[in-house]
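Colleague: Quick one, upload_20.cif (mmCIF, C-alpha atoms and all ligand atoms):
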```
data_final
loop_
_atom_site.label_atom_id
_atom_site.label_comp_id
_atom_site.auth_asym_id
_atom_site.auth_seq_id
_atom_site.Cartn_x
_atom_site.Cartn_y
_atom_site.Cartn_z
CA MET A 1464 -19.72 7.87 12.38
CA SER A 1465 -16.74 7.88 10.04
CA LYS A 1466 -16.41 5.65 7.06
CA PHE A 1467 -13.18 4.59 5.41
CA GLY A 1468 -12.39 3.70 1.86
CA VAL A 1469 -9.80 3.25 -0.82
CA MET A 1470 -10.37 3.88 -4.50
CA VAL A 1471 -8.21 1.57 -6.61
CA MET A 1472 -7.49 3.18 -9.96
CA GLY A 1473 -4.99 3.24 -12.78
CA PRO A 1474 -4.65 2.36 -16.45
CA ALA A 1475 -6.33 -0.68 -18.01
CA GLY A 1476 -4.75 -3.97 -17.00
CA ALA A 1477 -2.57 -2.43 -14.26
CA GLY A 1478 -3.77 -5.09 -11.81
CA LYS A 1479 -6.50 -3.13 -9.97
CA SER A 1480 -9.01 -5.97 -9.58
CA THR A 1481 -6.27 -8.43 -8.62
CA PHE A 1482 -5.06 -6.01 -5.95
CA CYS A 1483 -8.64 -5.53 -4.65
CA ALA A 1484 -8.95 -9.32 -4.37
CA SER A 1485 -5.61 -9.65 -2.52
CA LEU A 1486 -6.58 -6.83 -0.20
CA ILE A 1487 -9.94 -8.41 0.64
CA THR A 1488 -8.34 -11.82 1.27
CA HIS A 1489 -5.77 -10.16 3.49
CA LEU A 1490 -8.39 -8.19 5.43
CA GLN A 1491 -10.47 -11.33 5.94
CA LEU A 1492 -7.44 -13.24 7.22
CA ASN A 1493 -6.89 -10.44 9.71
CA ARG A 1494 -10.54 -10.43 10.79
CA ARG A 1495 -11.25 -7.08 9.28
CA SER A 1496 -14.38 -6.18 7.36
CA ALA A 1497 -14.24 -5.22 3.71
CA PHE A 1498 -17.03 -3.89 1.51
CA TYR A 1499 -16.23 -4.40 -2.14
CA VAL A 1500 -17.77 -2.00 -4.65
CA ASN A 1501 -17.28 -2.74 -8.33
CA LEU A 1502 -17.62 0.43 -10.40
CA ASP A 1503 -16.32 -1.10 -13.63
CA PRO A 1504 -19.37 -1.95 -15.77
CA ALA A 1505 -17.15 -4.04 -18.07
CA ALA A 1506 -15.77 -6.31 -15.32
CA GLU A 1507 -16.98 -9.86 -15.68
CA SER A 1508 -15.34 -12.23 -13.27
CA PHE A 1509 -14.40 -11.60 -9.66
CA GLU A 1510 -12.36 -13.52 -7.13
CA HIS A 1511 -14.63 -12.12 -4.39
CA PRO A 1512 -18.22 -11.35 -5.34
CA PRO A 1513 -18.84 -7.59 -5.09
CA ASP A 1514 -21.08 -6.36 -2.27
CA LEU A 1515 -22.25 -3.63 -4.62
CA ASP A 1516 -21.95 -3.78 -8.38
CA ILE A 1517 -22.60 -0.98 -10.89
CA LYS A 1518 -23.91 -3.68 -13.23
CA ASP A 1519 -26.98 -3.94 -10.99
CA LEU A 1520 -27.68 -0.30 -11.86
CA ILE A 1521 -26.83 -0.25 -15.53
CA SER A 1522 -25.61 -2.72 -18.13
CA LEU A 1523 -22.80 -1.73 -20.49
CA GLU A 1524 -24.12 -4.11 -23.14
CA ASP A 1525 -27.57 -2.50 -23.09
CA VAL A 1526 -26.03 0.97 -23.27
CA MET A 1527 -23.84 0.04 -26.23
CA GLU A 1528 -26.81 -1.48 -28.04
CA GLU A 1529 -29.45 1.13 -27.26
CA MET A 1530 -27.27 4.21 -27.56
CA SER A 1531 -25.14 2.87 -30.44
CA LEU A 1532 -21.96 3.54 -28.49
CA GLY A 1533 -18.63 1.72 -28.49
CA PRO A 1534 -17.14 0.24 -25.30
CA ASN A 1535 -15.40 3.44 -24.18
CA GLY A 1536 -18.29 5.78 -24.94
CA GLY A 1537 -20.60 3.24 -23.27
CA LEU A 1538 -18.45 3.21 -20.16
CA VAL A 1539 -18.48 7.00 -19.89
CA TYR A 1540 -22.28 6.89 -20.29
CA CYS A 1541 -22.58 4.27 -17.49
CA LEU A 1542 -20.54 6.36 -15.07
CA GLU A 1543 -22.44 9.53 -15.96
CA PHE A 1544 -25.62 7.56 -15.26
CA LEU A 1545 -24.18 6.59 -11.87
CA LEU A 1546 -23.56 10.28 -11.09
CA GLU A 1547 -27.24 10.96 -11.84
CA ASN A 1548 -28.28 8.09 -9.56
CA LEU A 1549 -26.01 8.46 -6.58
CA ASP A 1550 -28.69 7.05 -4.26
CA PHE A 1551 -27.56 3.69 -5.60
CA LEU A 1552 -24.31 4.19 -3.67
CA THR A 1553 -25.74 6.02 -0.68
CA GLU A 1554 -28.38 3.38 0.08
CA SER A 1555 -25.76 0.65 0.48
CA LEU A 1556 -22.88 2.60 1.95
CA ASP A 1557 -24.77 4.77 4.43
CA SER A 1558 -25.20 2.07 7.06
CA LEU A 1559 -21.58 0.86 7.05
CA THR A 1560 -19.72 1.31 10.31
CA GLU A 1561 -16.18 2.58 10.80
CA GLU A 1562 -14.90 -1.01 10.96
CA TYR A 1563 -15.32 -1.46 7.23
CA LEU A 1564 -12.77 -0.67 4.60
CA ILE A 1565 -14.78 0.19 1.49
CA ILE A 1566 -12.84 -0.84 -1.61
CA PHE A 1567 -13.82 0.78 -4.91
CA ASP A 1568 -12.61 -1.12 -7.97
CA MET A 1569 -12.49 1.41 -10.80
CA PRO A 1570 -12.42 1.07 -14.58
CA GLY A 1571 -9.09 1.65 -16.31
CA GLN A 1572 -10.02 4.21 -18.97
CA ILE A 1573 -7.76 7.13 -18.32
CA GLU A 1574 -10.19 9.66 -19.80
CA LEU A 1575 -12.41 9.19 -16.74
CA TYR A 1576 -9.73 10.86 -14.62
CA THR A 1577 -8.47 13.47 -17.02
CA HIS A 1578 -10.74 14.42 -19.98
CA VAL A 1579 -14.15 14.21 -18.32
CA PRO A 1580 -14.39 15.02 -14.62
CA ILE A 1581 -16.43 11.93 -13.69
CA ILE A 1582 -14.14 10.43 -11.06
CA PRO A 1583 -13.33 13.81 -9.44
CA THR A 1584 -17.10 14.48 -9.13
CA LEU A 1585 -17.67 11.03 -7.65
CA VAL A 1586 -14.82 11.49 -5.16
CA LYS A 1587 -16.25 14.85 -4.06
CA TYR A 1588 -19.62 13.21 -3.46
CA LEU A 1589 -18.22 10.29 -1.48
CA THR A 1590 -16.07 12.49 0.74
CA GLN A 1591 -18.56 15.31 1.27
CA PRO A 1592 -18.79 16.16 4.98
CA GLY A 1593 -22.27 15.76 6.38
CA ALA A 1594 -23.22 13.24 3.69
CA LEU A 1595 -21.39 9.92 3.20
CA ASP A 1596 -18.27 11.58 4.54
CA ILE A 1597 -15.94 8.72 3.59
CA ARG A 1598 -12.30 9.22 4.49
CA LEU A 1599 -10.99 8.16 1.14
CA CYS A 1600 -7.57 7.59 -0.29
CA ALA A 1601 -6.65 6.89 -3.88
CA ALA A 1602 -4.41 3.95 -4.74
CA TYR A 1603 -3.10 4.57 -8.26
CA LEU A 1604 -1.56 1.47 -9.81
CA LEU A 1605 0.99 1.63 -12.56
CA GLU A 1606 2.31 -1.52 -14.17
CA GLY A 1607 5.72 -2.18 -12.59
CA THR A 1608 7.06 -3.76 -15.77
CA PHE A 1609 7.11 -0.25 -17.31
CA VAL A 1610 10.44 0.26 -15.54
CA VAL A 1611 12.12 -1.54 -18.42
CA ASP A 1612 11.15 1.30 -20.76
CA ARG A 1613 11.77 4.75 -19.26
CA SER A 1614 9.57 6.60 -21.75
CA LYS A 1615 6.59 4.40 -20.81
CA PHE A 1616 7.44 4.78 -17.14
CA PHE A 1617 7.52 8.59 -17.28
CA ALA A 1618 4.37 8.77 -19.41
CA GLY A 1619 2.63 6.59 -16.79
CA SER A 1620 3.99 8.75 -13.98
CA LEU A 1621 2.54 11.79 -15.72
CA THR A 1622 -0.94 10.21 -15.67
CA ALA A 1623 -0.46 9.38 -11.98
CA MET A 1624 0.44 13.00 -11.28
CA SER A 1625 -2.51 14.25 -13.30
CA ALA A 1626 -4.88 12.01 -11.26
CA MET A 1627 -3.29 13.29 -8.03
CA MET A 1628 -3.99 16.88 -8.97
CA MET A 1629 -7.54 16.20 -10.13
CA LEU A 1630 -8.69 14.23 -7.12
CA GLU A 1631 -7.51 16.16 -4.07
CA VAL A 1632 -7.59 13.16 -1.73
CA PRO A 1633 -4.60 11.42 -0.11
CA HIS A 1634 -2.92 9.52 -2.88
CA LEU A 1635 -0.65 6.47 -3.02
CA ASN A 1636 1.15 5.58 -6.22
CA ILE A 1637 1.90 1.90 -6.52
CA LEU A 1638 4.07 -0.08 -8.94
CA SER A 1639 2.13 -3.32 -9.42
CA LYS A 1640 3.20 -6.80 -10.57
CA MET A 1641 6.58 -6.44 -8.93
CA ASP A 1642 6.94 -10.24 -8.83
CA LEU A 1643 7.67 -9.94 -12.57
CA VAL A 1644 10.29 -7.24 -12.01
CA ASN A 1645 11.96 -8.61 -8.85
CA SER A 1646 13.20 -11.65 -10.75
CA GLN A 1647 14.70 -9.50 -13.54
CA MET A 1648 16.26 -6.55 -11.76
CA ARG A 1649 18.51 -5.89 -8.79
CA LYS A 1650 16.92 -4.27 -5.72
CA LYS A 1651 19.31 -1.32 -6.05
CA ASP A 1652 18.12 -0.64 -9.61
CA ILE A 1653 14.44 -0.92 -8.70
CA LYS A 1654 14.92 1.58 -5.88
CA LYS A 1655 15.80 4.34 -8.36
CA PHE A 1656 12.27 4.17 -9.77
CA LEU A 1657 10.55 4.73 -6.44
CA THR A 1658 11.41 8.45 -6.53
CA PRO A 1659 11.59 9.18 -10.25
CA ASP A 1660 13.95 11.85 -11.55
CA THR A 1661 15.75 12.75 -14.76
CA SER A 1662 18.84 10.68 -13.89
CA LEU A 1663 16.82 7.60 -14.91
CA LEU A 1664 17.04 8.70 -18.53
CA GLU A 1665 20.83 8.75 -18.53
CA ASP A 1666 21.27 4.99 -18.47
CA ASP A 1667 18.09 3.91 -20.25
CA PRO A 1668 19.03 0.62 -21.98
CA VAL A 1669 16.04 0.82 -24.34
CA ASP A 1670 17.03 4.31 -25.46
CA ILE A 1671 20.67 3.25 -25.87
CA ALA A 1672 19.56 0.26 -28.00
CA ARG A 1673 17.21 2.44 -30.04
CA ARG A 1674 19.95 4.97 -30.66
CA LYS A 1675 22.35 2.23 -31.71
CA ALA A 1676 19.80 0.76 -34.09
CA GLY A 1677 18.97 4.19 -35.46
CA GLU A 1678 22.69 5.19 -35.72
CA ASN A 1679 22.41 8.95 -35.47
CA ILE A 1680 18.97 9.15 -37.03
CA ASP A 1681 17.60 12.52 -36.26
CA ASP A 1682 13.83 12.52 -36.60
CA SER A 1683 13.98 15.87 -38.33
CA GLN A 1684 15.99 14.14 -41.09
CA SER A 1685 13.92 10.97 -41.28
CA GLY A 1686 11.09 12.74 -43.08
CA ASP A 1687 8.72 9.79 -42.76
CA PRO A 1688 6.10 10.40 -40.06
CA GLN A 1689 5.16 6.67 -40.17
CA ASP A 1690 8.70 5.56 -39.33
CA LYS A 1691 8.08 4.80 -35.66
CA ASP A 1692 11.56 3.41 -34.95
CA ALA A 1693 13.23 6.50 -36.32
CA MET A 1694 10.86 8.71 -34.35
CA MET A 1695 11.47 6.83 -31.09
CA SER A 1696 15.25 6.94 -31.50
CA GLY A 1697 15.15 10.56 -32.60
CA ALA A 1698 16.29 13.65 -30.79
CA SER A 1699 12.81 15.15 -30.34
CA PHE A 1700 11.55 12.02 -28.62
CA ARG A 1701 14.50 12.16 -26.24
CA ARG A 1702 13.88 15.85 -25.58
CA LEU A 1703 10.21 15.10 -24.91
CA ASN A 1704 11.15 12.43 -22.36
CA VAL A 1705 13.60 14.77 -20.64
CA ALA A 1706 10.89 17.47 -20.50
CA VAL A 1707 8.35 15.05 -18.97
CA ALA A 1708 10.91 13.69 -16.49
CA THR A 1709 11.95 17.22 -15.50
CA LEU A 1710 8.33 18.20 -14.94
CA ILE A 1711 7.78 15.17 -12.69
CA GLU A 1712 11.02 15.83 -10.81
CA ASN A 1713 10.20 19.50 -10.31
CA PHE A 1714 6.76 18.80 -8.90
CA SER A 1715 8.21 16.12 -6.55
CA MET A 1716 4.77 14.64 -6.09
CA VAL A 1717 5.17 11.16 -7.49
CA ASN A 1718 6.73 8.48 -5.29
CA TYR A 1719 5.99 4.80 -5.62
CA LEU A 1720 5.34 1.90 -3.31
CA LYS A 1721 5.98 -1.61 -4.57
CA LEU A 1722 3.25 -4.23 -4.77
CA ASP A 1723 3.77 -7.94 -5.21
CA ASN A 1724 0.39 -9.63 -4.96
CA THR A 1725 2.04 -13.01 -4.48
CA ASP A 1726 3.62 -11.80 -1.23
CA GLU A 1727 1.36 -11.36 1.80
CA ASP A 1728 3.85 -8.95 3.46
CA SER A 1729 3.77 -6.68 0.43
CA VAL A 1730 -0.05 -6.50 0.52
CA GLN A 1731 0.12 -5.83 4.28
CA ALA A 1732 2.65 -3.03 3.73
CA ILE A 1733 0.36 -1.29 1.22
CA LEU A 1734 -2.61 -1.76 3.56
CA SER A 1735 -0.63 -0.07 6.35
CA TYR A 1736 -0.02 2.93 4.10
CA ILE A 1737 -3.72 3.07 3.22
CA ASP A 1738 -4.69 2.85 6.92
CA ASP A 1739 -2.27 5.67 7.76
CA CYS A 1740 -3.53 7.90 4.96
CA ILE A 1741 -7.13 7.66 6.11
CA GLN A 1742 -6.28 7.35 9.83
CA TYR A 1743 -8.28 4.16 10.05
CA HIS A 1744 -6.88 2.88 13.35
CA GLU A 1745 -7.39 6.15 15.23
CA ALA A 1746 -11.16 5.82 14.75
CA GLN A 1747 -11.55 2.21 15.86
CA GLU A 1748 -13.23 1.41 19.14
CA PRO A 1749 -11.25 -1.09 21.21
CA ARG A 1750 -13.17 -4.31 20.65
CA GLU A 1751 -13.50 -7.38 22.78
CA LEU A 1752 -11.95 -10.53 21.44
CA ALA A 1753 -14.37 -13.22 20.34
CA GLU A 1754 -14.01 -16.60 22.03
CA GLU A 1755 -12.07 -18.22 19.17
CA GLU A 1756 -9.74 -15.20 19.05
CA TYR A 1757 -8.93 -15.72 22.76
CA GLU A 1758 -7.98 -19.28 21.94
CA ASP A 1759 -5.74 -18.13 19.04
CA GLU A 1760 -4.04 -15.56 21.27
CA GLU A 1761 -3.30 -18.21 23.86
N1 LIG B 1 2.38 -11.57 -12.37
C1 LIG B 1 1.39 -10.79 -11.95
N2 LIG B 1 0.30 -10.63 -12.72
C2 LIG B 1 -0.68 -9.85 -12.27
C3 LIG B 1 -0.61 -9.18 -11.01
N3 LIG B 1 -1.73 -8.44 -10.84
C4 LIG B 1 -2.47 -8.64 -11.95
N4 LIG B 1 -1.86 -9.48 -12.81
C5 LIG B 1 -2.38 -9.94 -14.12
O1 LIG B 1 -2.60 -8.80 -14.95
C6 LIG B 1 -3.80 -8.96 -15.70
C7 LIG B 1 -4.74 -7.79 -15.45
O2 LIG B 1 -5.10 -7.80 -14.09
P1 LIG B 1 -6.44 -7.13 -13.56
O3 LIG B 1 -6.40 -7.23 -12.08
O4 LIG B 1 -7.64 -7.64 -14.26
O5 LIG B 1 -6.18 -5.63 -14.02
P2 LIG B 1 -7.20 -4.39 -13.97
O6 LIG B 1 -6.36 -3.19 -13.73
O7 LIG B 1 -8.29 -4.67 -13.01
O8 LIG B 1 -7.73 -4.40 -15.47
P3 LIG B 1 -9.01 -3.58 -16.04
O9 LIG B 1 -10.09 -3.68 -15.01
O10 LIG B 1 -9.31 -4.32 -17.30
O11 LIG B 1 -8.55 -2.19 -16.27
C8 LIG B 1 -4.39 -10.30 -15.30
O12 LIG B 1 -4.00 -11.25 -16.25
C9 LIG B 1 -3.75 -10.59 -13.95
O13 LIG B 1 -3.62 -11.97 -13.70
C10 LIG B 1 0.56 -9.38 -10.21
O14 LIG B 1 0.74 -8.84 -9.11
N5 LIG B 1 1.52 -10.19 -10.73
MG MG B 2 -10.41 -4.57 -13.21
#
```
Rewrite the coordinates I just gave you, this time as structure tokens.
Modeller:
Amino acid sequence: MSKFGVMVMGPAGAGKSTFCASLITHLQLNRRSAFYVNLDPAAESFEHPPDLDIKDLISLEDVMEEMSLGPNGGLVYCLEFLLENLDFLTESLDSLTEEYLIIFDMPGQIELYTHVPIIPTLVKYLTQPGALDIRLCAAYLLEGTFVVDRSKFFAGSLTAMSAMMMLEVPHLNILSKMDLVNSQMRKKDIKKFLTPDTSLLEDDPVDIARRKAGENIDDSQSGDPQDKDAMMSGASFRRLNVAVATLIENFSMVNYLKLDNTDEDSVQAILSYIDDCIQYHEAQEPRELAEEEYEDEE
């Protein structure tokens, strides 16, 4: 029996938990089953109560107190503890049928994807054939408002690409909070960000403003390493951005979908991509309509 899941990840505050909540609401409205797994030990409030919560296995507060760790070190410890106690996941997930979409809400600390291979190890375990064998896709959220600052946008795209290479599962990159961008930018301008390339740097308004304010400041002449404005309007910073953008363009791996949580159609569109990635519909048994569904159909 196949299982299906999506792992919602991305930097802190990108809108992961909000997207999980919208997805669950949308699935419920469409009479689909969701199983919500919270793997963020720091998460406190939820729109939908998790069906499985890492906090029932380990408490971040206890870890920080007993191990004298800060919040980030504590979080890494909690996830390492999860990897040593994977039965916690297996016991709950093993009995789920193919009807369920298992939604993993992940913490935002980027080091979990890049510096320490915790998430890649977890993904390998969840997808391992013969064990849980979950057909999993990654939904990597990047804050859509980053499009107003190209350097932020490309730095974020680099982390998305890094996660793609580490995880080796089907991967969707998503620009979140597009309701905030749609009101500020024309559709035509937003479209350019969906397939990022170096041409985006040519008309970067933030860079143009920085350059104007810095009037020919070359960071090599500024001399003051603390002078952030000079550094960010300097030639090396521009060269760095071009190098990052060229790298992303050359790999041609990063494309974005747009997510506006306030728009049901947008959530549905992302769900369709997720379903396609994991081939959810192909595995579903035709099911008989319940009595009330017959009435709705009529
Ligand atoms: N306008 C708007 N705000 C959003 C959207 N999604 C999330 N937010 C807001 O962004 C903030 C962070 O959202 P979360 O869903 O908690 O983000 P997260 O990625 O789960 O954050 P961490 O778990 O702390 O890494 C909250 O204040 C949300 O209300 C969106 O689609 N539109
Ligand atoms: Mg969250």
Colleague: Given all atoms listed in the file as the basis, pick out the residue of A:Pro1583, A:Pro1570, A:Gly1607, A:Gly1697 nearest to A:Phe1656.
Modeller: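 Counting all atoms listed in the file, the residue closest to A:Phe1656 is A:Gly1607.
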Colleague: Ligand LIG 1 (chain B): which residues are within 8 Å, counting only C-alpha atoms and all ligand atoms, as a ChimeraX atom specification?
Modeller: /A:1472-1483,1503,1505-1506,1568-1572,1604,1639-1643,1722-1725
Colleague: Save the residues we just selected, C-alpha atoms, as an mmCIF file, in the coordinates of the input?
Modeller:
```
data_model
loop_
_atom_site.group_PDB
_atom_site.id
_atom_site.type_symbol
_atom_site.label_atom_id
_atom_site.label_comp_id
_atom_site.auth_asym_id
_atom_site.auth_seq_id
_atom_site.Cartn_x
_atom_site.Cartn_y
_atom_site.Cartn_z
ATOM 1 C CA MET A 1472 -7.490 3.180 -9.960
ATOM 2 C CA GLY A 1473 -4.990 3.240 -12.780
ATOM 3 C CA PRO A 1474 -4.650 2.360 -16.450
ATOM 4 C CA ALA A 1475 -6.330 -0.680 -18.010
ATOM 5 C CA GLY A 1476 -4.750 -3.970 -17.000
ATOM 6 C CA ALA A 1477 -2.570 -2.430 -14.260
ATOM 7 C CA GLY A 1478 -3.770 -5.090 -11.810
ATOM 8 C CA LYS A 1479 -6.500 -3.130 -9.970
ATOM 9 C CA SER A 1480 -9.010 -5.970 -9.580
ATOM 10 C CA THR A 1481 -6.270 -8.430 -8.620
ATOM 11 C CA PHE A 1482 -5.060 -6.010 -5.950
ATOM 12 C CA CYS A 1483 -8.640 -5.530 -4.650
ATOM 13 C CA ASP A 1503 -16.320 -1.100 -13.630
ATOM 14 C CA ALA A 1505 -17.150 -4.040 -18.070
ATOM 15 C CA ALA A 1506 -15.770 -6.310 -15.320
ATOM 16 C CA ASP A 1568 -12.610 -1.120 -7.970
ATOM 17 C CA MET A 1569 -12.490 1.410 -10.800
ATOM 18 C CA PRO A 1570 -12.420 1.070 -14.580
ATOM 19 C CA GLY A 1571 -9.090 1.650 -16.310
ATOM 20 C CA GLN A 1572 -10.020 4.210 -18.970
ATOM 21 C CA LEU A 1604 -1.560 1.470 -9.810
ATOM 22 C CA SER A 1639 2.130 -3.320 -9.420
ATOM 23 C CA LYS A 1640 3.200 -6.800 -10.570
ATOM 24 C CA MET A 1641 6.580 -6.440 -8.930
ATOM 25 C CA ASP A 1642 6.940 -10.240 -8.830
ATOM 26 C CA LEU A 1643 7.670 -9.940 -12.570
ATOM 27 C CA LEU A 1722 3.250 -4.230 -4.770
ATOM 28 C CA ASP A 1723 3.770 -7.940 -5.210
ATOM 29 C CA ASN A 1724 0.390 -9.630 -4.960
ATOM 30 C CA THR A 1725 2.040 -13.010 -4.480
#
```
Colleague: Contacts of A:Tyr1603 at 7 Å or less, counting only C-alpha atoms, minus same-chain residues fewer than 2 places along, as a ChimeraX atom specification?
Modeller: /A:1471-1473,1601,1605,1623,1635-1637
Colleague: Take atom CA of A:Leu1657 and atom CA of A:His1578 and report the distance between them in Å, one decimal.
Modeller: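 Between these atoms lies a distance of 27.0 Å.
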Colleague: Which one of A:Arg1598, A:Arg1649, A:His1744, A:Lys1615 sits closest to A:Lys1466 if you count all atoms listed in the file?
Modeller: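 Ranked by minimum distance to A:Lys1466, first place goes to A:Arg1598.
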Colleague: Please enclose the listed atoms of stretch 1730-1733 of chain A in an axis-aligned box, pad each side by 4 Å, and write out the centre and the three edge lengths in Å, rounded to one decimal, as JSON.
Modeller:
```
{"center_x": 1.3, "center_y": -3.9, "center_z": 2.4, "size_x": 10.7, "size_y": 13.2, "size_z": 11.8}
```
Colleague: May I have the residues within 10 Å of stretch 1525-1542 of chain A as a PyMOL selection string, using all atoms listed in the file and disregarding those fewer than 5 positions away in the same chain?
Modeller: chain A and resi 1502-1505+1517-1518+1520+1547-1548+1570+1572+1574-1575+1579+1581-1582+1585
